[in-house]
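J.: query30.txt is the file, holding compact mmCIF, N, CA and C atoms:
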# COMPACT_ATOMS: atom_id res chain seq x y z
N MET Y 59 136.19 41.82 85.61
CA MET Y 59 136.09 40.95 86.75
C MET Y 59 137.08 41.38 87.84
N GLN Y 60 138.25 41.84 87.45
CA GLN Y 60 139.26 42.23 88.42
C GLN Y 60 138.77 43.37 89.33
N GLU Y 61 138.05 44.33 88.74
CA GLU Y 61 137.53 45.46 89.54
C GLU Y 61 136.54 44.98 90.59
N GLU Y 62 135.69 44.02 90.21
CA GLU Y 62 134.70 43.50 91.15
C GLU Y 62 135.39 42.78 92.31
N ILE Y 63 136.42 42.03 92.00
CA ILE Y 63 137.16 41.31 93.05
C ILE Y 63 137.88 42.30 93.95
N LYS Y 64 138.46 43.36 93.38
CA LYS Y 64 139.11 44.40 94.19
C LYS Y 64 138.12 45.01 95.16
N LYS Y 65 136.90 45.28 94.68
CA LYS Y 65 135.87 45.88 95.52
C LYS Y 65 135.51 44.95 96.69
N VAL Y 66 135.40 43.66 96.40
CA VAL Y 66 135.10 42.70 97.46
C VAL Y 66 136.22 42.72 98.50
N LEU Y 67 137.47 42.75 98.04
CA LEU Y 67 138.60 42.76 98.97
C LEU Y 67 138.63 44.05 99.79
N GLU Y 68 138.24 45.17 99.17
CA GLU Y 68 138.16 46.43 99.91
C GLU Y 68 137.10 46.34 101.01
N LEU Y 69 135.94 45.76 100.67
CA LEU Y 69 134.87 45.60 101.66
C LEU Y 69 135.33 44.72 102.81
N LEU Y 70 136.09 43.67 102.49
CA LEU Y 70 136.62 42.79 103.52
C LEU Y 70 137.61 43.54 104.41
N GLU Y 71 138.50 44.29 103.79
CA GLU Y 71 139.51 45.05 104.53
C GLU Y 71 138.86 46.08 105.46
N GLU Y 72 137.76 46.68 104.99
CA GLU Y 72 137.06 47.69 105.78
C GLU Y 72 136.17 47.06 106.86
N GLY Y 73 136.08 45.74 106.86
CA GLY Y 73 135.27 45.05 107.86
C GLY Y 73 133.79 45.08 107.58
N LYS Y 74 133.40 45.40 106.35
CA LYS Y 74 131.99 45.48 105.99
C LYS Y 74 131.40 44.13 105.64
N ILE Y 75 132.26 43.17 105.28
CA ILE Y 75 131.81 41.81 105.03
C ILE Y 75 132.79 40.86 105.72
N THR Y 76 132.32 39.63 105.95
CA THR Y 76 133.17 38.63 106.59
C THR Y 76 134.03 37.92 105.54
N LYS Y 77 135.01 37.15 106.01
CA LYS Y 77 135.85 36.37 105.10
C LYS Y 77 135.01 35.39 104.30
N GLU Y 78 134.04 34.77 104.98
CA GLU Y 78 133.17 33.80 104.31
C GLU Y 78 132.35 34.46 103.21
N GLU Y 79 131.82 35.65 103.49
CA GLU Y 79 131.04 36.37 102.48
C GLU Y 79 131.93 36.75 101.30
N ALA Y 80 133.16 37.16 101.59
CA ALA Y 80 134.10 37.53 100.52
C ALA Y 80 134.39 36.33 99.62
N VAL Y 81 134.63 35.19 100.23
CA VAL Y 81 134.92 33.97 99.46
C VAL Y 81 133.75 33.62 98.55
N GLU Y 82 132.53 33.65 99.11
CA GLU Y 82 131.34 33.32 98.32
C GLU Y 82 131.13 34.31 97.17
N LEU Y 83 131.33 35.58 97.44
CA LEU Y 83 131.14 36.59 96.40
C LEU Y 83 132.18 36.45 95.30
N ILE Y 84 133.42 36.20 95.66
CA ILE Y 84 134.48 36.02 94.65
C ILE Y 84 134.20 34.77 93.81
N LYS Y 85 133.74 33.69 94.45
CA LYS Y 85 133.37 32.49 93.70
C LYS Y 85 132.27 32.81 92.69
N ALA Y 86 131.26 33.57 93.14
CA ALA Y 86 130.14 33.92 92.26
C ALA Y 86 130.62 34.78 91.11
N ILE Y 87 131.51 35.72 91.38
CA ILE Y 87 132.03 36.59 90.33
C ILE Y 87 132.81 35.78 89.30
N LYS Y 88 133.67 34.89 89.78
CA LYS Y 88 134.49 34.09 88.87
C LYS Y 88 133.67 33.11 88.04
N SER Y 89 132.56 32.64 88.58
CA SER Y 89 131.77 31.64 87.86
C SER Y 89 130.70 32.25 86.98
N SER Y 90 130.66 33.58 86.89
CA SER Y 90 129.61 34.25 86.13
C SER Y 90 130.19 35.19 85.10
N ASP Y 91 129.41 35.45 84.08
CA ASP Y 91 129.81 36.43 83.09
C ASP Y 91 129.15 37.75 83.45
N ILE Y 92 129.90 38.65 84.09
CA ILE Y 92 129.34 39.95 84.45
C ILE Y 92 130.11 41.04 83.72
N SER Y 93 130.52 40.73 82.50
CA SER Y 93 131.34 41.64 81.72
C SER Y 93 130.55 42.80 81.13
N GLY Y 94 129.22 42.75 81.24
CA GLY Y 94 128.42 43.81 80.66
C GLY Y 94 127.92 43.44 79.27
N GLU Y 95 128.37 42.31 78.75
CA GLU Y 95 127.89 41.88 77.44
C GLU Y 95 126.50 41.31 77.60
N LYS Y 96 125.74 41.35 76.51
CA LYS Y 96 124.37 40.86 76.52
C LYS Y 96 124.34 39.38 76.89
N ILE Y 97 123.42 39.03 77.77
CA ILE Y 97 123.29 37.64 78.20
C ILE Y 97 122.71 36.81 77.06
N ASP Y 98 123.25 35.63 76.85
CA ASP Y 98 122.78 34.71 75.84
C ASP Y 98 121.32 34.35 76.11
N GLU Y 99 120.48 34.46 75.10
CA GLU Y 99 119.04 34.20 75.26
C GLU Y 99 118.76 32.79 75.77
N SER Y 100 119.63 31.83 75.47
CA SER Y 100 119.38 30.47 75.95
C SER Y 100 119.44 30.40 77.47
N LYS Y 101 120.23 31.29 78.10
CA LYS Y 101 120.29 31.33 79.55
C LYS Y 101 118.99 31.85 80.13
N ILE Y 102 118.35 32.75 79.41
CA ILE Y 102 117.08 33.32 79.87
C ILE Y 102 115.96 32.30 79.67
N SER Y 103 115.96 31.63 78.53
CA SER Y 103 114.85 30.74 78.21
C SER Y 103 114.87 29.46 79.05
N ASN Y 104 115.99 29.09 79.67
CA ASN Y 104 116.01 27.87 80.45
C ASN Y 104 115.57 28.10 81.90
N GLY Y 105 114.96 29.24 82.18
CA GLY Y 105 114.40 29.49 83.49
C GLY Y 105 115.30 30.31 84.39
N LYS Y 106 116.55 30.51 84.02
CA LYS Y 106 117.44 31.32 84.85
C LYS Y 106 117.13 32.79 84.61
N ARG Y 107 117.06 33.53 85.70
CA ARG Y 107 116.74 34.95 85.57
C ARG Y 107 118.02 35.77 85.61
N THR Y 108 117.92 36.94 84.99
CA THR Y 108 119.04 37.87 84.90
C THR Y 108 118.58 39.23 85.35
N PHE Y 109 119.43 39.93 86.08
CA PHE Y 109 119.18 41.30 86.53
C PHE Y 109 119.86 42.20 85.52
N ARG Y 110 119.09 43.05 84.84
CA ARG Y 110 119.62 43.89 83.77
C ARG Y 110 119.46 45.36 84.14
N VAL Y 111 120.55 46.12 84.01
CA VAL Y 111 120.52 47.57 84.18
C VAL Y 111 120.90 48.18 82.85
N LEU Y 112 120.04 49.07 82.34
CA LEU Y 112 120.27 49.73 81.07
C LEU Y 112 120.20 51.24 81.28
N VAL Y 113 121.27 51.94 80.91
CA VAL Y 113 121.31 53.39 81.01
C VAL Y 113 121.49 53.96 79.60
N THR Y 114 120.58 54.86 79.22
CA THR Y 114 120.70 55.51 77.92
C THR Y 114 120.77 57.02 78.12
N LYS Y 115 121.45 57.67 77.19
CA LYS Y 115 121.54 59.13 77.19
C LYS Y 115 121.35 59.58 75.75
N ASP Y 116 120.45 60.53 75.58
CA ASP Y 116 120.12 61.02 74.24
C ASP Y 116 119.72 59.87 73.31
N GLY Y 117 119.05 58.87 73.88
CA GLY Y 117 118.57 57.75 73.09
C GLY Y 117 119.62 56.71 72.75
N LYS Y 118 120.85 56.90 73.19
CA LYS Y 118 121.93 55.95 72.90
C LYS Y 118 122.32 55.20 74.16
N LYS Y 119 122.59 53.91 74.00
CA LYS Y 119 122.97 53.08 75.13
C LYS Y 119 124.32 53.53 75.67
N GLU Y 120 124.34 53.86 76.97
CA GLU Y 120 125.58 54.25 77.65
C GLU Y 120 126.14 53.06 78.42
N VAL Y 121 125.26 52.35 79.12
CA VAL Y 121 125.67 51.24 79.97
C VAL Y 121 124.61 50.15 79.88
N GLU Y 122 125.07 48.92 79.74
CA GLU Y 122 124.17 47.77 79.88
C GLU Y 122 124.92 46.73 80.69
N VAL Y 123 124.36 46.38 81.83
CA VAL Y 123 124.97 45.39 82.71
C VAL Y 123 123.96 44.27 82.93
N ASN Y 124 124.41 43.05 82.70
CA ASN Y 124 123.58 41.88 82.91
C ASN Y 124 124.26 41.02 83.98
N ILE Y 125 123.53 40.73 85.05
CA ILE Y 125 124.11 40.01 86.17
C ILE Y 125 123.26 38.79 86.47
N PRO Y 126 123.88 37.62 86.60
CA PRO Y 126 123.11 36.43 87.00
C PRO Y 126 122.39 36.69 88.32
N PHE Y 127 121.17 36.20 88.39
CA PHE Y 127 120.30 36.52 89.51
C PHE Y 127 120.85 36.11 90.87
N GLY Y 128 121.56 35.00 90.93
CA GLY Y 128 122.13 34.54 92.19
C GLY Y 128 123.08 35.56 92.80
N ILE Y 129 123.85 36.23 91.96
CA ILE Y 129 124.77 37.25 92.45
C ILE Y 129 124.00 38.45 93.00
N VAL Y 130 122.90 38.79 92.34
CA VAL Y 130 122.10 39.93 92.80
C VAL Y 130 121.55 39.65 94.20
N LYS Y 131 121.02 38.47 94.42
CA LYS Y 131 120.47 38.14 95.73
C LYS Y 131 121.55 38.21 96.80
N PHE Y 132 122.74 37.71 96.48
CA PHE Y 132 123.84 37.77 97.43
C PHE Y 132 124.26 39.22 97.68
N GLY Y 133 124.32 40.00 96.60
CA GLY Y 133 124.69 41.42 96.72
C GLY Y 133 123.69 42.21 97.56
N LEU Y 134 122.41 41.91 97.41
CA LEU Y 134 121.39 42.58 98.22
C LEU Y 134 121.57 42.28 99.70
N ALA Y 135 121.94 41.05 99.99
CA ALA Y 135 122.16 40.68 101.40
C ALA Y 135 123.33 41.49 101.97
N ILE Y 136 124.38 41.63 101.18
CA ILE Y 136 125.54 42.42 101.63
C ILE Y 136 125.15 43.90 101.76
N ALA Y 137 124.42 44.43 100.76
CA ALA Y 137 124.01 45.84 100.78
C ALA Y 137 123.16 46.12 102.02
N LYS Y 138 122.26 45.21 102.32
CA LYS Y 138 121.41 45.39 103.50
C LYS Y 138 122.24 45.39 104.77
N LYS Y 139 123.19 44.47 104.84
CA LYS Y 139 124.06 44.39 106.01
C LYS Y 139 124.88 45.67 106.19
N MET Y 140 125.29 46.27 105.06
CA MET Y 140 126.10 47.49 105.10
C MET Y 140 125.25 48.74 105.28
N GLY Y 141 123.93 48.60 105.19
CA GLY Y 141 123.06 49.77 105.31
C GLY Y 141 123.01 50.59 104.04
N LYS Y 142 123.38 50.00 102.91
CA LYS Y 142 123.38 50.70 101.62
C LYS Y 142 121.95 50.83 101.13
N ASN Y 143 121.54 52.03 100.76
CA ASN Y 143 120.17 52.24 100.32
C ASN Y 143 120.08 53.01 99.01
N SER Y 144 121.16 52.95 98.22
CA SER Y 144 121.14 53.61 96.91
C SER Y 144 122.13 52.92 95.98
N LEU Y 145 121.94 53.20 94.71
CA LEU Y 145 122.81 52.66 93.68
C LEU Y 145 123.49 53.85 93.01
N ASP Y 146 124.78 53.78 92.78
CA ASP Y 146 125.51 54.85 92.11
C ASP Y 146 125.67 54.46 90.65
N ILE Y 147 124.99 55.19 89.77
CA ILE Y 147 125.09 54.94 88.34
C ILE Y 147 125.57 56.22 87.69
N ASN Y 148 126.76 56.14 87.11
CA ASN Y 148 127.38 57.30 86.46
C ASN Y 148 127.43 58.52 87.38
N GLY Y 149 127.74 58.29 88.65
CA GLY Y 149 127.89 59.39 89.59
C GLY Y 149 126.59 59.92 90.17
N LYS Y 150 125.46 59.32 89.79
CA LYS Y 150 124.16 59.74 90.33
C LYS Y 150 123.66 58.68 91.30
N GLU Y 151 123.28 59.12 92.48
CA GLU Y 151 122.74 58.21 93.50
C GLU Y 151 121.26 57.97 93.23
N ILE Y 152 120.89 56.72 93.07
CA ILE Y 152 119.50 56.34 92.84
C ILE Y 152 119.03 55.59 94.08
N PRO Y 153 118.04 56.14 94.80
CA PRO Y 153 117.59 55.49 96.04
C PRO Y 153 116.92 54.14 95.76
N ILE Y 154 117.17 53.19 96.64
CA ILE Y 154 116.58 51.85 96.52
C ILE Y 154 116.10 51.40 97.90
N ASP Y 155 114.89 50.88 97.94
CA ASP Y 155 114.37 50.28 99.16
C ASP Y 155 114.72 48.80 99.13
N ILE Y 156 115.80 48.43 99.80
CA ILE Y 156 116.32 47.07 99.77
C ILE Y 156 115.28 46.05 100.22
N ASP Y 157 114.50 46.38 101.27
CA ASP Y 157 113.50 45.44 101.77
C ASP Y 157 112.42 45.17 100.74
N LYS Y 158 111.92 46.24 100.09
CA LYS Y 158 110.87 46.05 99.08
C LYS Y 158 111.43 45.30 97.87
N LEU Y 159 112.63 45.64 97.47
CA LEU Y 159 113.25 44.96 96.33
C LEU Y 159 113.45 43.47 96.64
N SER Y 160 113.91 43.17 97.82
CA SER Y 160 114.11 41.78 98.22
C SER Y 160 112.80 41.00 98.19
N GLU Y 161 111.72 41.64 98.64
CA GLU Y 161 110.39 41.01 98.63
C GLU Y 161 109.97 40.67 97.21
N VAL Y 162 110.12 41.61 96.29
CA VAL Y 162 109.74 41.39 94.89
C VAL Y 162 110.57 40.26 94.30
N LEU Y 163 111.85 40.24 94.61
CA LEU Y 163 112.75 39.28 94.00
C LEU Y 163 112.57 37.86 94.55
N LYS Y 164 111.86 37.71 95.65
CA LYS Y 164 111.61 36.37 96.21
C LYS Y 164 110.66 35.57 95.35
N ASP Y 165 109.84 36.23 94.55
CA ASP Y 165 108.90 35.54 93.68
C ASP Y 165 109.68 34.92 92.51
N PRO Y 166 109.79 33.59 92.45
CA PRO Y 166 110.60 32.96 91.41
C PRO Y 166 110.05 33.13 90.00
N ASN Y 167 108.79 33.54 89.87
CA ASN Y 167 108.19 33.71 88.56
C ASN Y 167 108.19 35.15 88.08
N PHE Y 168 108.65 36.08 88.93
CA PHE Y 168 108.61 37.49 88.56
C PHE Y 168 109.65 37.80 87.48
N LYS Y 169 109.18 38.45 86.42
CA LYS Y 169 110.04 39.01 85.39
C LYS Y 169 109.42 40.33 84.99
N GLY Y 170 110.25 41.34 84.78
CA GLY Y 170 109.74 42.64 84.37
C GLY Y 170 110.56 43.77 84.97
N LYS Y 171 110.13 45.00 84.67
CA LYS Y 171 110.83 46.18 85.17
C LYS Y 171 110.58 46.37 86.64
N ILE Y 172 111.64 46.75 87.35
CA ILE Y 172 111.49 47.08 88.76
C ILE Y 172 111.86 48.54 89.01
N VAL Y 173 112.61 49.15 88.08
CA VAL Y 173 112.95 50.56 88.17
C VAL Y 173 112.92 51.14 86.76
N ASP Y 174 112.30 52.30 86.61
CA ASP Y 174 112.25 52.99 85.32
C ASP Y 174 112.31 54.48 85.62
N ILE Y 175 113.49 55.09 85.44
CA ILE Y 175 113.70 56.48 85.81
C ILE Y 175 114.12 57.28 84.58
N SER Y 176 113.44 58.40 84.35
CA SER Y 176 113.81 59.30 83.26
C SER Y 176 114.21 60.65 83.82
N ASP Y 177 115.34 61.17 83.35
CA ASP Y 177 115.79 62.50 83.73
C ASP Y 177 115.69 63.36 82.48
N LYS Y 178 114.60 64.10 82.39
CA LYS Y 178 114.33 64.90 81.20
C LYS Y 178 115.39 65.99 81.00
N GLU Y 179 115.87 66.56 82.10
CA GLU Y 179 116.85 67.63 82.03
C GLU Y 179 118.16 67.17 81.36
N ASP Y 180 118.65 66.01 81.77
CA ASP Y 180 119.89 65.47 81.20
C ASP Y 180 119.64 64.48 80.07
N ASN Y 181 118.36 64.24 79.76
CA ASN Y 181 117.96 63.31 78.71
C ASN Y 181 118.56 61.92 78.94
N GLU Y 182 118.46 61.45 80.21
CA GLU Y 182 118.96 60.14 80.58
C GLU Y 182 117.81 59.25 81.01
N HIS Y 183 118.00 57.96 80.83
CA HIS Y 183 116.96 57.00 81.18
C HIS Y 183 117.64 55.77 81.80
N VAL Y 184 117.14 55.32 82.94
CA VAL Y 184 117.68 54.15 83.63
C VAL Y 184 116.54 53.14 83.79
N GLU Y 185 116.80 51.92 83.34
CA GLU Y 185 115.84 50.83 83.52
C GLU Y 185 116.55 49.69 84.24
N VAL Y 186 115.86 49.13 85.21
CA VAL Y 186 116.35 47.93 85.89
C VAL Y 186 115.24 46.92 85.78
N GLU Y 187 115.59 45.74 85.27
CA GLU Y 187 114.55 44.73 85.08
C GLU Y 187 115.09 43.33 85.32
N ILE Y 188 114.16 42.43 85.56
CA ILE Y 188 114.48 41.02 85.69
C ILE Y 188 114.00 40.36 84.42
N VAL Y 189 114.91 39.67 83.73
CA VAL Y 189 114.54 38.98 82.48
C VAL Y 189 114.88 37.51 82.58
Can the structure in the file be given as structure tokens, please?
T.:
Amino acid sequence: MQEEIKKVLELLEEGKITKEEAVELIKAIKSSDISGEKIDESKISNGKRTFRVLVTKDGKKEVEVNIPFGIVKFGLAIAKKMGKNSLDINGKEIPIDIDKLSEVLKDPNFKGKIVDISDKEDNEHVEVEIV
């Protein structure tokens, strides 16, 4: 959690977000479990959606990040404002169309994969899904 808050403060210092946006993002970070641990199934079954990123290499899980959906929507708004159009996962830039992603995420009933990338050369696989 400390790293995420540091990043928010860096964005504020660089003038990429406003004080109000920083406050809201820090509140969201503090009130959520974004530790990378698997989200409790009861949170999924009660209608709350989760944004999940899973990275595997050689068939083994390298990274699994589960983020409450409200934080994702807020993060997309900041990313759009900053002109960010890619995600950095393990040093690899993955292009993202923020407008198309935002459109898909507006559907409150949508659940499923939104990104599925395989790198045969490095034997890596990245999945991004809403659960």
J.: Y:Val113, Y:Glu62, Y:Lys142, Y:Leu67: which is nearest Val186 of chain Y, counting all atoms listed in the file?
T.: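 Using all atoms listed in the file, Val186 of chain Y sits closest to Y:Val113.
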J.: Can you pull out every residue from segment 64-184 of chain Y that DSSP, working from the backbone, puts in strand (DSSP E), and format the result as a ChimeraX atom specification?
T.: /Y:108-115,118-126,144-147,150-153,170-177,182-184
J.: Which residues are close to Pro153 of chain Y, i.e. within 8 Å by all atoms listed in the file, leaving aside same-chain residues fewer than 3 positions away? Reply as a PyMOL selection string.
T.: chain Y and resi 143-146+150+156
J.: Between Y:Lys178, Y:Phe168, Y:Leu69, Y:Val162, which one has atoms that come closest to Arg107 of chain Y, using all atoms listed in the file?
T.: Y:Phe168
J.: Contacts of Leu83 of chain Y at 8 Å or less, counting all atoms listed in the file, minus same-chain residues fewer than 5 places along, as number ranges by chain?
T.: Y: 62-63, 66, 77-78, 88-89, 129, 132-133
J.: Among the residues of chain Y, find those DSSP assigns to alpha helix (DSSP H) from the backbone and print them as a VMD selection string.
T.: chain Y and resid 60 to 71 77 to 88 99 to 103 127 to 140 156 to 163
